[in-house]
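**Q** Right, I'll just put the structure down here and ask away after.
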Amino acid sequence: MTMHLVLHGLAIKKHADAGDIAGLIGMPVDAAARQLEEAAASGRAVEANGKYLLSPLARIALESDYSRQYADARTDAEFMAAYEAFERINVQLKTLITEWQTMDVGGQRVANDHSNKSHDEKIIDRLGDLHERADAIFARLVKAVARLSYYRTHLLAALEKAEDGAIAWVSDAKIESYHTLWFELHEDLLRIVGRTREE
Amino acid sequence: MGQRREDRKLPHALVRTSRGFAAHRRPDAGRMTMSIDTAQWLLTLGGGALPDRNLIGGKAWSIARMSGLGLHVPPAFVITTRACAHYLAEGSEPESLAAEIDAGVAWLEQQTGRLFGAGPSPLLVSVRSGAPVSMPGMMDTVLNLGINEETEAALGTECGDAAFARDTHRRFLDLYAQIVLKTEIDLARDETPAAWRDAIASQGSAVPVGAREQLAGAVRAVFESWNSRRARRYREHNNIAHDIGTAVTVQAMVFGNMERSGTGVLFSRNPLTGDPAPYGEYLGCAQGEDIVSGKHTPMPLDALREALPDVHDALLAAASLLEKEDGDVQDIEFTVERGKLYLLQARAAKRAPLAAVRIAVDMVREGIISQAEAIGRVSPEQIRILLSPQLADGAAVGARVLAQGEAASPGVGVGLIVMDSDHAEAAAREGTSVILARETTSPNDLHGMIAARAILTEQGGSTSHAAVVGRALGRPCVVGCGVGSLHGLEGQIVTVVGQTGTVYAGELPVVMPREEENETLRLLSDWSRQLARIAVVAEARADAHIVDFDDVVGEEQGAFAVLPHGATVKGALFANDETAVREAIAAGAAEIVTSPLLPALLAAAQASTPDQKE
């Protein structure tokens with residue numbers, strides 16, 4: 001399970017170091033670092049400048065292992081109901097992020113240049129509202145898979161940074177923004193339940 | 001309630017002909033002797049002096065103001081912030097509030113000739129929160145409150161559209177469940193109201209059937225929202241007292257889906273191009289949500305002029321009046337009910353970068369705003385977008401189109417098509433310009449998307465991962481080009497135009513728009529130069545002491561800290577980041593050398609006139 005978790009963390013975080021992964025999977029950093037070194041030594045991961053990537057073979061092996069690792073969650077009706085609720089609210093989140101990035105101007109969608117502060121504030125407010133509804137779902141997910149609480153606390157932290165005016169925390173793909181974390185959570189859940197993403 | 005329900009079975013003729021019936025018809029007086037004039041906790045909006053914004057909140061204030069200007073708004077009353085403050089302090093509503101709300105409802109009934117919670121013409125209302133300062137975390141608007149099985153049937157008969165009434169009912173239950181009851185639920189369109197109500201009730205609490213109970217629940221939810229996590233945090237950050245409270249605006253819904261009715265949006269100027277002619281859309285015999293849902297395609301404003309010329313003229317006059325009052329372009333939502341125009345909302349319009357520049361400059365010329373105000377109306381980012389690369393004029397003529405999809409993120413990218421993110425990253429590292437083309441993208445492709453000059457996908461729409469991440473990264477992005485449409489293109493050089501969603505064969509000429517060749521940009525530059533407390537130039541003075549910020553990337557703070565007074569600072573940073581411009585001014589620099597000039601110049605001018613910045 002330990003190695004599986006580390007590789008899973010790497011699959012979610014892509015190009016990551018021990019610190020990035022340790023938080024996500026709830027493991028001490030030095031333990032995660034040892035596992036990553038071992039993964040690199042056995043060819044399951046590739047290291048470059050202190051960051052690791054999953055090797056293609058390990059990716060396939062990992063994917064075939066989820067059904068065993070998460071057999072309990074997949075038969076847990078409560079968890080699966082919470083997952084379905086997440087999928088529903090995910091549609092709203094995607095729409096909201098699109099509205100964050102584009103604005104309706106005279107009936108046409110144009111890129112949001114973030115010059116209209118009240119537009120941005122309104123969307124962050126709606127994101128806060130969505131978060132509060134989603135949080136009840138996160139609580140149900142965490143009951144079955146405790147490590148998912150990482151997303152719950154970090155999503156709130158990203159939201160609060162955005163609320164305080166650091167708007168990059170809404171959807172910047174290069175930091176653990178609200179959208180980055182949400183996307184990772186979705187990816188994590190899809191792996192847990194064994195489904196693939198629909199566009 | 002039972003008693004009131006009895007009252008409402010008035011003969012149709014009476015309801016139709018008697019305008020003042022609402023005030024006289026309730027024998028269960030005790031509660032109903034309350035007159036609206038002596039009300040302690042609420043006010044009706046419209047007519048008379050403009051009430052204190054602190055008492056009625058921003059939304060009610062803007063309704064009262066429009067009404068004060070002689071414009072038609074749907075009748076509304078407001079429960080004041082004082083009632084909320086009482087609720088927050090005492091933990092319960094003021095004793096007489098319920099009776100005052102009854103009187104307010106009776107006043108709405110009288111104004112509209114409709115009945116709340118009963119047919120034949122049911123009154124539906126919207127309920128909105130509204131603090132004196134707009135603030136996050138406050139309750140969203142509940143629409144169509146007052147609908148139940150009885151009023152749904154009446155509304156269906158009145159509009160001659162039972163499906164509309166049923167859908168109104170569903171949307172009300174959906175909003176009420178989400179906003180007031182905080183339940184996460186999907187109501188399937190083809191179910192019955194009873195099934196919807198059961199589904200909501202199974203999640204914990206039920207939606208009241210009685211209109212008056214629905215209203216009480218919504219009012220309380222507004223009061224409660226004052227203490228939401230977000231509202232509390234916002235007040236703490238902004239030093240706003242916790243005991244002010246929010247007002248609650250209750251406004252009659254109007255219906256655009258009857259005869260000689262419709263709904264639309266009007267801009268006092270074109271928000272895309274900045275053209276000074278009013279610009280709008282109208283949809284006859286429809287409700288606002290029909291436009292939003294995309295179910296119907298709205299018509300240009302001329303459709304309204306043809307159908308209802310008087311309404312059209314009144315609307316344009318209202319837009320012009322509001323524009324003069326506010327000194328800014330107006331975005332007006334309106335509904336026409338049986339030939340009568342109602343303004344639902346008017347606010348400063350959002351605008352595209354091109355329009356922002358043109359409108360700001362035009363309004364100075366027309367004497368509506370000052371030069372400094374004009375500078376505050378345009379952002380450096382909007383100027384950067386206007387000055388970013390575009391396809392040269394005529395470049396696309398005769399060019400072969402290889403693929404066409406949905407325009408998801410603007411910009412132009414030229415490069416070699418690569419189908420795999422790892423390859424894209426590797427090729428980019430070696431200096432090749434690449435275009436990443438995928439069936440769809442997932443987080444596994446992020447490194448390839450960062451490395452690419454543009455992103456293409458075969459499947460997915462404007463909310464797909466590729467579109468969302470493409471916009472976040474500022475990469476031109478075209479999505480949904482069609483299954484199998486990109487595979488054959490691997491290894492070709494293409495030009496991707498994100499604005500139009502087109503992929504052209506080969507490398508087409510790209511131009512950088514030049515700020516000095518555009519008259520409005522030149523004017524904006526001149527005005528900015530007069531206000532800026534720092535010179536912004538393309539070439540440094542001959543004797544300048546230059547600190548080149550392109551050489552100290554990542555150590556800018558240190559460079560500002562040791563900057564000699566009167567120095568010249570140079571670098572792309574100043575064109576791209578207005579905080580750097582402000583820091584240069586604060587550090588005592590005399591001159592900025594960068595390109596293009598206007599973004600930095602505008603930022604410098606805005607830094608000199610903080611009052612003009614929102």
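Chain lettering (A, B, ...) mirrors the order of the structure tokens, residue numbering begins at 1 for each chain separately, and ligand numbering begins at 1 in order of display.
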Could you please tell me, as an mmCIF file with N, CA, C and O atoms, in the first residue's frame, which residues of chain A have an atom within 6 Å of chain B when using only C-alpha atoms?
**A**
```cif
data_model
loop_
_atom_site.group_PDB
_atom_site.id
_atom_site.type_symbol
_atom_site.label_atom_id
_atom_site.label_comp_id
_atom_site.auth_asym_id
_atom_site.auth_seq_id
_atom_site.Cartn_x
_atom_site.Cartn_y
_atom_site.Cartn_z
ATOM 1 N N LYS A 94 -16.862 23.509 -13.281
ATOM 2 C CA LYS A 94 -16.264 23.757 -14.605
ATOM 3 C C LYS A 94 -16.882 24.998 -15.247
ATOM 4 O O LYS A 94 -16.176 25.821 -15.826
ATOM 5 N N THR A 98 -14.957 28.520 -16.198
ATOM 6 C CA THR A 98 -15.062 29.132 -17.523
ATOM 7 C C THR A 98 -15.525 30.577 -17.408
ATOM 8 O O THR A 98 -15.021 31.466 -18.090
ATOM 9 N N VAL A 105 -19.622 39.599 -22.701
ATOM 10 C CA VAL A 105 -19.682 41.023 -23.047
ATOM 11 C C VAL A 105 -20.635 41.165 -24.225
ATOM 12 O O VAL A 105 -20.361 40.688 -25.313
ATOM 13 N N GLY A 106 -21.762 41.767 -23.973
ATOM 14 C CA GLY A 106 -22.733 41.991 -25.039
ATOM 15 C C GLY A 106 -23.112 40.718 -25.768
ATOM 16 O O GLY A 106 -23.282 40.728 -26.975
ATOM 17 N N SER A 115 -9.983 43.092 -15.452
ATOM 18 C CA SER A 115 -9.993 44.527 -15.206
ATOM 19 C C SER A 115 -11.280 44.931 -14.496
ATOM 20 O O SER A 115 -11.388 46.021 -13.976
ATOM 21 N N ASP A 125 -17.090 34.981 -5.041
ATOM 22 C CA ASP A 125 -18.180 34.783 -4.088
ATOM 23 C C ASP A 125 -18.967 33.520 -4.433
ATOM 24 O O ASP A 125 -19.290 32.707 -3.570
ATOM 25 N N ASP A 172 -4.916 29.338 -11.534
ATOM 26 C CA ASP A 172 -3.576 29.253 -12.128
ATOM 27 C C ASP A 172 -3.094 27.797 -12.123
ATOM 28 O O ASP A 172 -3.043 27.146 -11.079
ATOM 29 N N GLU A 199 -15.108 14.472 -21.243
ATOM 30 C CA GLU A 199 -14.953 15.916 -21.515
ATOM 31 C C GLU A 199 -16.309 16.547 -21.767
ATOM 32 O O GLU A 199 -17.127 16.016 -22.448
#
```
**Q** Tell me which of A:Lys51, A:Arg109, A:Arg44, A:Lys122 sits closest to His15 of chain A, counting only C-alpha atoms.
**A**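 Ranked by minimum distance to His15 of chain A, first place goes to A:Lys51.
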**Q** Measure the distance from atom CA of Gly327 of chain B to atom CA of Glu515 of chain B in Å and round it to one decimal.
**A**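 Atom-to-atom, atom CA of Gly327 of chain B and atom CA of Glu515 of chain B are spaced 26.5 Å apart.
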**Q** What's around segment 574-578 of chain B at 8 Å? Count only C-alpha atoms, leave out sequence neighbours fewer than 4 positions away in its own chain, and write the answer as a PyMOL selection string.
**A** chain B and resi 380-381+384+570+582+592+594-600+603-604
**Q** Give me every alpha helix (DSSP H) residue in segment 382-437 of chain B, going by DSSP on the backbone, as JSON, numbers by chain.
**A** {"B": [382, 383, 384, 385, 386, 421, 422, 423, 424, 425, 426, 427, 428, 429]}
**Q** Can you write out the residues you just picked, keeping all heavy atoms, as a compact mmCIF listing (two decimals), in the first residue's frame?
**A**
```
# COMPACT_ATOMS: atom_id res chain seq x y z
N GLN B 382 -5.68 45.32 -20.46
CA GLN B 382 -6.47 45.50 -21.69
C GLN B 382 -5.59 46.03 -22.82
O GLN B 382 -5.73 45.62 -23.97
CB GLN B 382 -7.65 46.45 -21.41
CG GLN B 382 -8.72 45.77 -20.57
CD GLN B 382 -9.82 46.71 -20.12
OE1 GLN B 382 -9.59 47.88 -19.82
NE2 GLN B 382 -11.04 46.20 -20.06
N ILE B 383 -4.68 46.93 -22.48
CA ILE B 383 -3.77 47.45 -23.50
C ILE B 383 -2.84 46.35 -23.99
O ILE B 383 -2.58 46.21 -25.19
CB ILE B 383 -2.93 48.63 -22.92
CG1 ILE B 383 -3.85 49.75 -22.44
CG2 ILE B 383 -1.93 49.13 -23.96
CD1 ILE B 383 -4.62 50.43 -23.54
N ARG B 384 -2.37 45.52 -23.07
CA ARG B 384 -1.48 44.41 -23.48
C ARG B 384 -2.21 43.49 -24.46
O ARG B 384 -1.63 43.02 -25.44
CB ARG B 384 -1.01 43.62 -22.26
CG ARG B 384 0.11 44.31 -21.51
CD ARG B 384 0.76 43.36 -20.50
NE ARG B 384 -0.03 43.19 -19.29
CZ ARG B 384 -0.01 44.05 -18.27
NH1 ARG B 384 0.77 45.10 -18.28
NH2 ARG B 384 -0.76 43.83 -17.21
N ILE B 385 -3.50 43.23 -24.19
CA ILE B 385 -4.26 42.36 -25.10
C ILE B 385 -4.38 43.02 -26.48
O ILE B 385 -4.16 42.38 -27.51
CB ILE B 385 -5.65 42.04 -24.51
CG1 ILE B 385 -5.49 41.12 -23.30
CG2 ILE B 385 -6.55 41.39 -25.57
CD1 ILE B 385 -6.76 40.90 -22.52
N LEU B 386 -4.66 44.33 -26.49
CA LEU B 386 -4.80 45.02 -27.79
C LEU B 386 -3.49 45.02 -28.56
O LEU B 386 -3.49 45.05 -29.78
CB LEU B 386 -5.25 46.47 -27.56
CG LEU B 386 -6.70 46.66 -27.16
CD1 LEU B 386 -6.97 48.14 -26.93
CD2 LEU B 386 -7.63 46.12 -28.24
N SER B 421 2.54 14.98 -25.21
CA SER B 421 3.01 16.04 -24.32
C SER B 421 4.49 15.89 -23.97
O SER B 421 5.21 16.88 -23.84
CB SER B 421 2.17 16.09 -23.05
OG SER B 421 0.89 16.56 -23.38
N ASP B 422 4.94 14.65 -23.78
CA ASP B 422 6.37 14.45 -23.48
C ASP B 422 7.22 14.92 -24.65
O ASP B 422 8.24 15.59 -24.47
CB ASP B 422 6.67 12.97 -23.18
CG ASP B 422 5.98 12.50 -21.90
OD1 ASP B 422 5.61 13.38 -21.08
OD2 ASP B 422 5.80 11.29 -21.73
N HIS B 423 6.80 14.56 -25.89
CA HIS B 423 7.54 15.00 -27.07
C HIS B 423 7.53 16.51 -27.20
O HIS B 423 8.53 17.13 -27.58
CB HIS B 423 6.96 14.39 -28.35
CG HIS B 423 7.15 12.91 -28.42
ND1 HIS B 423 6.46 12.10 -29.30
CD2 HIS B 423 7.94 12.08 -27.71
CE1 HIS B 423 6.81 10.84 -29.12
NE2 HIS B 423 7.72 10.80 -28.15
N ALA B 424 6.37 17.10 -26.89
CA ALA B 424 6.25 18.56 -27.01
C ALA B 424 7.24 19.22 -26.07
O ALA B 424 7.95 20.16 -26.45
CB ALA B 424 4.82 18.99 -26.67
N GLU B 425 7.31 18.71 -24.85
CA GLU B 425 8.22 19.31 -23.87
C GLU B 425 9.67 19.15 -24.32
O GLU B 425 10.46 20.10 -24.26
CB GLU B 425 8.02 18.65 -22.50
CG GLU B 425 8.76 19.40 -21.40
CD GLU B 425 8.65 18.71 -20.04
OE1 GLU B 425 8.66 17.45 -20.01
OE2 GLU B 425 8.58 19.42 -19.03
N ALA B 426 10.01 17.95 -24.82
CA ALA B 426 11.39 17.70 -25.24
C ALA B 426 11.77 18.59 -26.44
O ALA B 426 12.84 19.20 -26.46
CB ALA B 426 11.56 16.22 -25.60
N ALA B 427 10.86 18.68 -27.42
CA ALA B 427 11.16 19.48 -28.61
C ALA B 427 11.29 20.96 -28.26
O ALA B 427 12.17 21.66 -28.77
CB ALA B 427 10.06 19.29 -29.67
N ALA B 428 10.41 21.43 -27.36
CA ALA B 428 10.47 22.84 -26.97
C ALA B 428 11.77 23.14 -26.27
O ALA B 428 12.36 24.20 -26.43
CB ALA B 428 9.28 23.19 -26.08
N ARG B 429 12.24 22.17 -25.47
CA ARG B 429 13.50 22.38 -24.75
C ARG B 429 14.66 22.56 -25.74
O ARG B 429 15.61 23.26 -25.47
CB ARG B 429 13.76 21.22 -23.80
CG ARG B 429 14.64 21.62 -22.63
CD ARG B 429 14.87 20.50 -21.64
NE ARG B 429 13.66 20.12 -20.92
CZ ARG B 429 13.26 18.84 -20.79
NH1 ARG B 429 13.94 17.85 -21.31
NH2 ARG B 429 12.17 18.59 -20.12
```
**Q** Hey, can you check how far atom CA of Val127 of chain B sits from atom CA of Val250 of chain B?
**A** 4.8 Å
**Q** Nearest to Val6 of chain A among A:Leu36, A:Val29, A:Met103, A:Ala158, with distances taken over only C-alpha atoms: which residue is it?
**A**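 Looking only at the distances to Val6 of chain A, the closest residue turns out to be A:Leu36.
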**Q** Which is closer to Ala136 of chain A than all the others in A:Arg74, A:Arg152, A:Arg88, A:Arg59, using only C-alpha atoms?
**A**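 Smallest distance to Ala136 of chain A is found for A:Arg152.
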